[in-house]
Structures are given as structure tokens and as C-alpha cells.
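Structure record follows, encoded as C-alpha cells.
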Amino acid sequence: MYGDSATIRKILTELGDTWAVVGLSTNQRRPAYGVAAVLQRFGKRVVPVHPKAETVHGEQGYPSLDAIPFPVDVVDVFVNSDLAGPVADEAVAIGAKAVWFQLGVIDEQAYERTRAAGLEMVMDRCPAIEIPSLR
């Protein structure tokens, strides 16, 4: 398992409230859209990261993590597992505190690199499922 309950709790309650959601667009049928709404309900600032840089849930979007002009605490990754590793590396490069790979997003090498860089990381879990149980 890539994300024990202590790490999940730490990311969701201690590491900050600015979450970059990679893969978030205005497509309401995509899981990222609903998860971002749940994160907002629990007090997180959700920053969309998508090539289209669309405004979603009232927040300005950006085409990449390095285009965000303010600090990001957590990078939540909604991309194919084959693309997730480079996103984790970008999260390290921008100084994020944690990376969260969504359900079905698995890259063990990225997990090891990210943890070795000092970031917290959860993989193959969903914060929208985890966060309600923390309150």
C-alpha cells in the first residue's frame, strides 16, 4: 500500500490547503471535476492544471505546474500512470510538500523518487474518499 493512514491524515490536515489538480478541466464527467469540488468543500484551494488552462470551480487554471505563480502544497495527479512520473518530478521541482496519485495511478519508481526527495506521497487512493473520515 502506498499511503498509510498517518501519511494520508498528514497530507490532508497538516501540509497546507493549496492543491494543484493535474488533469482538472471543465469536463464535469471526469472524476477530477467531482474530487476537486469535494476538496473545495473541505476548505482546500483547488488550482486546475490542464493544457487548456481553464477556470474550474472559480479558480484560474494553468497549463503546467511551473506556470503557477504561487506556492503549491499538494499536487493531486489525475493523469495516466505512464504520464504520472514526470508530474511527480515537476512537483518536486516546484517545491510542493506532497504528491497524491489518484485511484489507478501507479508508478512505483516515481513514488520512490518523490519520497527520496523528501515529499510525502500517496498513490492509488482518492482524497475525496479519505477526507470526510478525518473530520
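By convention here, the chains of the C-alpha cells are called A, B, ... in the order presented, each chain's residues are numbered starting at 1, and ligands are numbered starting at 1 in the order presented.
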What lies within 9 Å of Ala91 of chain A using only C-alpha atoms, ignoring chain neighbours under 5 positions off, as an NGL selection string? :A and (65-66 or 72 or 74-75 or 86 or 96-99 or 114)
Give the strand (DSSP E or B) residues of chain A, as assigned by DSSP on the backbone, as an NGL selection string. :A and (18-22 or 45-49 or 56 or 59 or 62 or 74-77 or 98-101 or 120-122)
Please produce a file of those selected residues containing N, CA and C atoms, as a compact mmCIF listing (two decimals), in the first residue's frame.
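After the write, result-v1.txt holds the following:
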# COMPACT_ATOMS: atom_id res chain seq x y z
N THR A 18 -3.38 24.48 -0.43
CA THR A 18 -3.37 24.79 -1.85
C THR A 18 -3.01 23.53 -2.62
N TRP A 19 -3.99 23.03 -3.35
CA TRP A 19 -3.84 21.78 -4.10
C TRP A 19 -3.90 22.06 -5.60
N ALA A 20 -2.83 21.72 -6.30
CA ALA A 20 -2.84 21.75 -7.76
C ALA A 20 -3.40 20.42 -8.23
N VAL A 21 -4.45 20.46 -9.03
CA VAL A 21 -5.08 19.23 -9.52
C VAL A 21 -4.75 19.09 -11.00
N VAL A 22 -3.80 18.20 -11.28
CA VAL A 22 -3.31 17.99 -12.64
C VAL A 22 -4.29 17.10 -13.40
N ARG A 45 -7.95 25.03 -1.46
CA ARG A 45 -7.92 25.84 -2.67
C ARG A 45 -7.47 24.91 -3.79
N VAL A 46 -8.30 24.76 -4.79
CA VAL A 46 -8.04 23.84 -5.89
C VAL A 46 -7.57 24.65 -7.11
N VAL A 47 -6.38 24.33 -7.59
CA VAL A 47 -5.80 25.03 -8.73
C VAL A 47 -5.79 24.08 -9.93
N PRO A 48 -6.59 24.35 -10.96
CA PRO A 48 -6.61 23.46 -12.13
C PRO A 48 -5.30 23.54 -12.91
N VAL A 49 -4.79 22.37 -13.28
CA VAL A 49 -3.61 22.30 -14.15
C VAL A 49 -3.98 21.41 -15.33
N VAL A 56 -11.89 26.56 -13.43
CA VAL A 56 -12.76 25.48 -12.96
C VAL A 56 -13.09 25.75 -11.49
N GLU A 59 -11.66 28.86 -9.93
CA GLU A 59 -10.21 29.05 -9.81
C GLU A 59 -9.56 29.07 -11.19
N TYR A 62 -3.99 26.75 -14.99
CA TYR A 62 -2.64 26.97 -15.52
C TYR A 62 -2.27 25.78 -16.39
N VAL A 74 0.16 20.67 -2.27
CA VAL A 74 -0.05 19.28 -2.68
C VAL A 74 -0.36 19.25 -4.18
N VAL A 75 0.21 18.28 -4.88
CA VAL A 75 -0.08 18.06 -6.29
C VAL A 75 -0.89 16.77 -6.39
N ASP A 76 -2.13 16.90 -6.83
CA ASP A 76 -3.07 15.79 -6.97
C ASP A 76 -3.09 15.41 -8.46
N VAL A 77 -2.78 14.16 -8.76
CA VAL A 77 -2.49 13.76 -10.13
C VAL A 77 -3.59 12.86 -10.71
N ALA A 98 3.82 17.59 -1.02
CA ALA A 98 3.27 16.25 -1.16
C ALA A 98 2.74 16.03 -2.56
N VAL A 99 2.67 14.75 -2.94
CA VAL A 99 2.08 14.33 -4.21
C VAL A 99 1.05 13.27 -3.90
N TRP A 100 -0.09 13.37 -4.59
CA TRP A 100 -1.17 12.39 -4.41
C TRP A 100 -1.53 11.84 -5.78
N PHE A 101 -1.28 10.55 -6.00
CA PHE A 101 -1.70 9.87 -7.23
C PHE A 101 -3.07 9.27 -6.98
N GLU A 120 5.99 13.95 1.00
CA GLU A 120 5.03 12.91 1.36
C GLU A 120 4.34 12.46 0.08
N MET A 121 3.90 11.21 0.03
CA MET A 121 3.22 10.75 -1.18
C MET A 121 2.23 9.65 -0.86
N VAL A 122 1.11 9.72 -1.56
CA VAL A 122 0.08 8.70 -1.52
C VAL A 122 -0.19 8.30 -2.96
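With only C-alpha atoms as the basis for measurement, A:Val92 is the residue among A:Gln40, A:Tyr33, A:Val92, A:Ile11 that approaches Arg115 of chain A most closely.
Here atom CA of Val38 of chain A and atom CA of Ala116 of chain A stand 29.8 Å from one another.
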Out of A:Asp17, A:Arg29, A:Tyr111, A:Asp4, which residue has the shortest atom-to-atom distance to Arg41 of chain A when counting only C-alpha atoms? A:Asp17
Within 10 Å of Pro51 of chain A, counting only C-alpha atoms, which residues qualify if same-chain residues fewer than 6 places away don't, as JSON, numbers by chain? {"A": [22, 23, 24, 25, 61, 62, 63, 64]}
Taking only C-alpha atoms into account, name the residue in A:Lys44, A:Ser133, A:Tyr2, A:Arg30 that is nearest to Leu15 of chain A. A:Lys44
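For the set A:Pro31, A:Thr26, A:Leu39, A:Ser5, the residue with the smallest atom-to-atom gap to Pro132 of chain A is A:Leu39, counting only C-alpha atoms.
Using only C-alpha atoms, the residues found no farther than 10 Å from Phe42 of chain A, other than those of its own chain fewer than 6 positions away, are Leu12, Asp17, Ala36, Ala128, Ile131, Pro132 and Arg135 of chain A.
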One decimal, Å: what's the distance from atom CA of Asp89 of chain A over to atom CA of Gln102 of chain A, could you say? 16.0 Å
